[in-house]
Every structure is written in structure tokens, then in C-alpha cells.
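Trainee: Can you read through this structure? Questions will come right after.
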Amino acid sequence: MSFELVGPVLEGRLVRLEPLGRQHAAGLAAAAEQDRGEYHYTWVPRAHEVEQYLDAQLERAAAGTLAPYAQVSLATGQVVGATAYLDPRSWTVGKLDAVEVGFTWLAGSAQGTGVNAEAKYLLFRHAFEQWGVARLDLKTDARNARSRAAIASVGARFEGVLRNWSRSWAPGEEGLPRDSAIFSVTAAEWPECRAALELRLEKYR
């Protein structure tokens with residue numbers, strides 16, 4: 001790949017996305033131990049697993065396949081979760097043509113507060129308007145109705161379910177494949193998606 005995947009600091013009115021580092025360990029551990037009732041299909045470390053989680057994400061970042069972020073609430077200054085750019089694809093020399101947004105999780109206290117919508121807005125805007133991507137992907141476990149609804153709510157279009165597409169993160173399914181629901185936003189769709197997200201975010205601001 002001819003494009004280096006590096007995510008800059010991205011800041012809105014509700015959340016600041018900071019490139020993930022060791023300095024976020026304590027905040028991630030606290031955030032991950034809040035209400036875990038919605039983490040059935042998502043890779044969210046327990047507090048004692050955060051160092052291992054950071055090792056894995058930073059190793060991917062060093063390999064150029066991931067640009068991970070800590071999500072920091074601007075209201076409290078606390079780390080409330082994580083997200084990332086991943087799976088960069090280039091078919092034009094020196095340019096990123098497509099990328100995925102994923103590895104996303106939020107503390108229970110941040111869910112439903114607009115943080116997820118604004119984080120997606122910041123990530124989408126940077127990908128389309130700074131990197132000039134043609135396509136942005138999102139995917140989730142096909143069984144994860146809550147996650148699918150959240151992805152659809154930020155303007156991504158459902159494309160279908162790919163069977164046995166990737167590993168399962170569900171407890172008790174270690175080593176097993178999962179069916180993945182695939183969503184996307186294209187460059188042509190971004191202006192409409194952007195306007196809808198900005199309108200939605202007004203109610204939180």
C-alpha cells in the first residue's frame with residue numbers, strides 16, 4: 001500500500017478523538033468496567049486486559065493497518081471508549097481510496113449522548129474531505145441489532161450479510177467465524193450524509 005494510515009487528533013463539541021496510546025490505559029480500564037450489558041458481540045477489554053488490548057492495537061498501528069483512537073468526552077475530560085480507522089485500501093499511487101471505521105466501543109455513560117454520532121461525523125469528514133476516499137466501510141456482527149441500528153443511524157447504507165466473514169468476538173465463540181453485516185458510505189453520498197449528521201448533532205449541542 002502506498003498510503004500511510006495516520007489519524008490526526010479530531011475534535012468536535014462533544015468528543016475529542018486522540019491517537020490511542022499508553023497514556024489512555026487507566027481511562028480505558030475505567031470506561032470498560034461501566035455497564036457492560038451491550039457488549040455481547042464487541043471486543044471490549046476488561047480492566048485487567050487493557051494492556052493486552054493496547055498491545056494488539058498499537059501493533060496493528062505500527063504495521064500500518066490501523067489508526068486507533070481514544071474517545072475523550074469534552075464535558076468530563078474522561079476517556080469514554082475507543083474507535084479506529086482500519087483496512088486501508090489503495091488503487092491510486094500515493095492516495096487512500098477506501099477505509100473502514102471500526103473497533104468502536106463506548107462506556108455505558110456515553111451511549112445515547114451524541115458522542116458516537118459526532119465521532120463518526122469527525123471520522124467520516126476527515127476520510128472524505130482530507131484523504132479523499134471513494135468509500136468508507138463499517139461492519140458488525142450480523143446478530144448485533146443495536147450496532148446495526150447505530151450504524152444505519154449515522155447515514156451508512158446496508159449492503160448485505162457476508163457469511164463467515166471474520167472472527168467472532170462473542171463470549172464463548174473464540175476461534176469461530178461470524179456473519180458480518182456490511183454498511184458503507186460513498187463519496188457521492190457524503191454531502192447528504194454530512195448534512196443529516198450535522199442536523200442530528202444540533203440537538204446534542
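Simple scheme: letters A, B, ... for chains in C-alpha cells order, numbers from 1 for residues in each chain, numbers from 1 for ligands in the order shown.
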Hey, could you make a per-residue contact list for range 15-88 of chain A against range 136-146 of chain A with 12 Å as the cut-off, showing the nearest pair of atoms and its distance in Å to one decimal, counting only C-alpha atoms, sorted by chain and number, as a tab-separated table?

Mentor:
```
residue	atom	partner	partner_atom	distance
A:Gly37	CA	A:Arg146	CA	11.7
A:Glu38	CA	A:Arg146	CA	8.3
A:Tyr39	CA	A:Asn144	CA	9.5
A:His40	CA	A:Asn144	CA	8.0
A:Tyr41	CA	A:Asp141	CA	6.5
A:Thr42	CA	A:Asp141	CA	8.2
A:Trp43	CA	A:Thr140	CA	11.0
A:Thr83	CA	A:Leu138	CA	11.6
A:Ala84	CA	A:Leu138	CA	10.9
A:Tyr85	CA	A:Leu136	CA	9.6
A:Leu86	CA	A:Asp137	CA	9.4
A:Asp87	CA	A:Asp137	CA	9.1
A:Pro88	CA	A:Leu136	CA	9.6
```

Trainee: Keeping C-alpha atoms, export the residues of the selection given above as a PDB file, in the first residue's frame.

Mentor:
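As a result, out-v4.pdb now contains:
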```pdb
ATOM      1  CA  GLY A  37     -24.719  -5.128  29.158  1.00  0.00           C
ATOM      2  CA  GLU A  38     -24.391  -4.184  25.475  1.00  0.00           C
ATOM      3  CA  TYR A  39     -21.022  -5.783  24.752  1.00  0.00           C
ATOM      4  CA  HIS A  40     -22.305  -9.176  23.607  1.00  0.00           C
ATOM      5  CA  TYR A  41     -20.631  -9.072  20.186  1.00  0.00           C
ATOM      6  CA  THR A  42     -17.943  -6.392  20.568  1.00  0.00           C
ATOM      7  CA  TRP A  43     -14.291  -6.639  21.593  1.00  0.00           C
ATOM      8  CA  THR A  83     -12.583   3.632  17.750  1.00  0.00           C
ATOM      9  CA  ALA A  84     -10.317   3.346  14.715  1.00  0.00           C
ATOM     10  CA  TYR A  85      -9.671   3.602  11.022  1.00  0.00           C
ATOM     11  CA  LEU A  86      -8.667   0.212   9.626  1.00  0.00           C
ATOM     12  CA  ASP A  87      -8.262  -1.889   6.494  1.00  0.00           C
ATOM     13  CA  PRO A  88      -6.882   0.891   4.251  1.00  0.00           C
TER      14      PRO A  88
END
```

Trainee: Between A:Pro191, A:Gly160, A:Pro19, A:Gly132, single out the one closest to Asp179 in chain A, counting only C-alpha atoms.

Mentor: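 Using only C-alpha atoms, Asp179 in chain A sits closest to A:Gly160.
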
Trainee: Under the rule of at most 9 Å, produce a per-residue listing of range 54-79 of chain A near range 22-35 of chain A: chain, number, name, the closest pair of atoms, and the distance in Å, as JSON lines, using only C-alpha atoms.

Mentor:
```
{"residue": "A:Leu54", "atom": "CA", "partner": "A:Arg22", "partner_atom": "CA", "distance": 7.1}
{"residue": "A:Ala70", "atom": "CA", "partner": "A:His24", "partner_atom": "CA", "distance": 7.0}
{"residue": "A:Gln78", "atom": "CA", "partner": "A:Gly27", "partner_atom": "CA", "distance": 6.6}
{"residue": "A:Val79", "atom": "CA", "partner": "A:Gly27", "partner_atom": "CA", "distance": 5.0}
```

Trainee: Show me, as number ranges by chain, the residues that have an atom within 8 Å of Gly12 in chain A when counting only C-alpha atoms, minus same-chain residues fewer than 5 positions from it.

Mentor: A: 118-119, 122

Trainee: Between CA of Ser109 in chain A and CA of Tyr204 in chain A, measure the distance and give it in Å to one decimal.

Mentor: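 Atom-to-atom, CA of Ser109 in chain A to CA of Tyr204 in chain A, that is 14.8 Å.
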
Trainee: Where does DSSP see helix (DSSP H, G or I) in range 73-163 of chain A, if you list the residues as number ranges by chain?

Mentor: A: 108-110, 115-131, 145-153

Trainee: Please provide as a ChimeraX atom specification all residues within 9 Å of range 71-77 of chain A, with the sequence filter that same-chain residues fewer than 6 positions apart are discarded (counting only C-alpha atoms).

Mentor: /A:11-18,20,83,106,110,115,119

Trainee: Return as a PDB file with C-alpha atoms, in the first residue's frame the full set of residues in range 27-187 of chain A whose backbone-based DSSP assignment is strand (DSSP E).

Mentor:
```pdb
ATOM      1  CA  LEU A  66      -4.914   0.591  11.882  1.00  0.00           C
ATOM      2  CA  ALA A  67      -5.175   4.168  13.148  1.00  0.00           C
ATOM      3  CA  PRO A  68      -6.716   3.690  16.618  1.00  0.00           C
ATOM      4  CA  TYR A  69      -8.269   6.414  18.757  1.00  0.00           C
ATOM      5  CA  ALA A  70      -9.310   7.008  22.327  1.00  0.00           C
ATOM      6  CA  GLN A  71     -12.653   8.805  22.582  1.00  0.00           C
ATOM      7  CA  VAL A  72     -12.475  11.585  25.182  1.00  0.00           C
ATOM      8  CA  SER A  73     -15.604  13.356  26.441  1.00  0.00           C
ATOM      9  CA  VAL A  79     -11.847   8.597  28.220  1.00  0.00           C
ATOM     10  CA  VAL A  80     -15.193   7.061  27.243  1.00  0.00           C
ATOM     11  CA  GLY A  81     -14.198   4.480  24.640  1.00  0.00           C
ATOM     12  CA  ALA A  82     -12.220   3.715  21.524  1.00  0.00           C
ATOM     13  CA  THR A  83     -12.583   3.632  17.750  1.00  0.00           C
ATOM     14  CA  ALA A  84     -10.317   3.346  14.715  1.00  0.00           C
ATOM     15  CA  TYR A  85      -9.671   3.602  11.022  1.00  0.00           C
ATOM     16  CA  LEU A  86      -8.667   0.212   9.626  1.00  0.00           C
ATOM     17  CA  ASP A  87      -8.262  -1.889   6.494  1.00  0.00           C
ATOM     18  CA  PRO A  88      -6.882   0.891   4.251  1.00  0.00           C
ATOM     19  CA  ARG A  89      -7.086   0.158   0.529  1.00  0.00           C
ATOM     20  CA  ALA A  98     -11.120   3.266   0.816  1.00  0.00           C
ATOM     21  CA  VAL A  99     -11.011   2.684   4.560  1.00  0.00           C
ATOM     22  CA  GLU A 100     -13.128   1.159   7.300  1.00  0.00           C
ATOM     23  CA  VAL A 101     -14.245   2.681  10.602  1.00  0.00           C
ATOM     24  CA  GLY A 102     -14.493   0.089  13.337  1.00  0.00           C
ATOM     25  CA  PHE A 103     -13.197  -1.351  16.623  1.00  0.00           C
ATOM     26  CA  THR A 104     -15.688   1.065  18.205  1.00  0.00           C
ATOM     27  CA  TRP A 105     -16.982   0.836  21.761  1.00  0.00           C
ATOM     28  CA  LEU A 106     -18.329   3.315  24.284  1.00  0.00           C
ATOM     29  CA  ARG A 135     -15.724   4.671   0.020  1.00  0.00           C
ATOM     30  CA  LEU A 136     -15.926   4.189   3.760  1.00  0.00           C
ATOM     31  CA  ASP A 137     -16.906   0.810   5.240  1.00  0.00           C
ATOM     32  CA  LEU A 138     -18.495  -0.228   8.526  1.00  0.00           C
ATOM     33  CA  LYS A 139     -19.339  -3.748   9.643  1.00  0.00           C
ATOM     34  CA  THR A 140     -20.684  -5.534  12.683  1.00  0.00           C
ATOM     35  CA  ASP A 141     -21.793  -8.964  13.824  1.00  0.00           C
ATOM     36  CA  ARG A 157     -26.216   2.082   3.785  1.00  0.00           C
ATOM     37  CA  PHE A 158     -26.709  -1.609   4.455  1.00  0.00           C
ATOM     38  CA  GLU A 159     -25.176  -3.743   1.698  1.00  0.00           C
ATOM     39  CA  GLY A 160     -25.857  -7.253   2.951  1.00  0.00           C
ATOM     40  CA  VAL A 161     -24.504 -10.026   5.166  1.00  0.00           C
ATOM     41  CA  LEU A 162     -21.258 -11.820   4.349  1.00  0.00           C
ATOM     42  CA  ARG A 163     -21.266 -15.305   5.855  1.00  0.00           C
ATOM     43  CA  ASN A 164     -18.289 -16.494   7.926  1.00  0.00           C
ATOM     44  CA  TRP A 165     -16.626 -13.188   7.063  1.00  0.00           C
ATOM     45  CA  SER A 166     -14.438 -12.673  10.125  1.00  0.00           C
ATOM     46  CA  ARG A 167     -13.762 -13.933  13.633  1.00  0.00           C
ATOM     47  CA  PRO A 177     -16.296 -17.295  12.424  1.00  0.00           C
ATOM     48  CA  ARG A 178     -19.163 -14.837  12.392  1.00  0.00           C
ATOM     49  CA  ASP A 179     -21.523 -13.475   9.772  1.00  0.00           C
ATOM     50  CA  SER A 180     -20.876  -9.758   9.247  1.00  0.00           C
ATOM     51  CA  ALA A 181     -23.424  -7.099   8.289  1.00  0.00           C
ATOM     52  CA  ILE A 182     -21.716  -4.713   5.847  1.00  0.00           C
ATOM     53  CA  PHE A 183     -22.504  -0.994   5.533  1.00  0.00           C
ATOM     54  CA  SER A 184     -20.890   1.799   3.538  1.00  0.00           C
ATOM     55  CA  VAL A 185     -20.910   5.482   2.644  1.00  0.00           C
ATOM     56  CA  THR A 186     -19.583   6.547  -0.760  1.00  0.00           C
TER      57      THR A 186
END
```
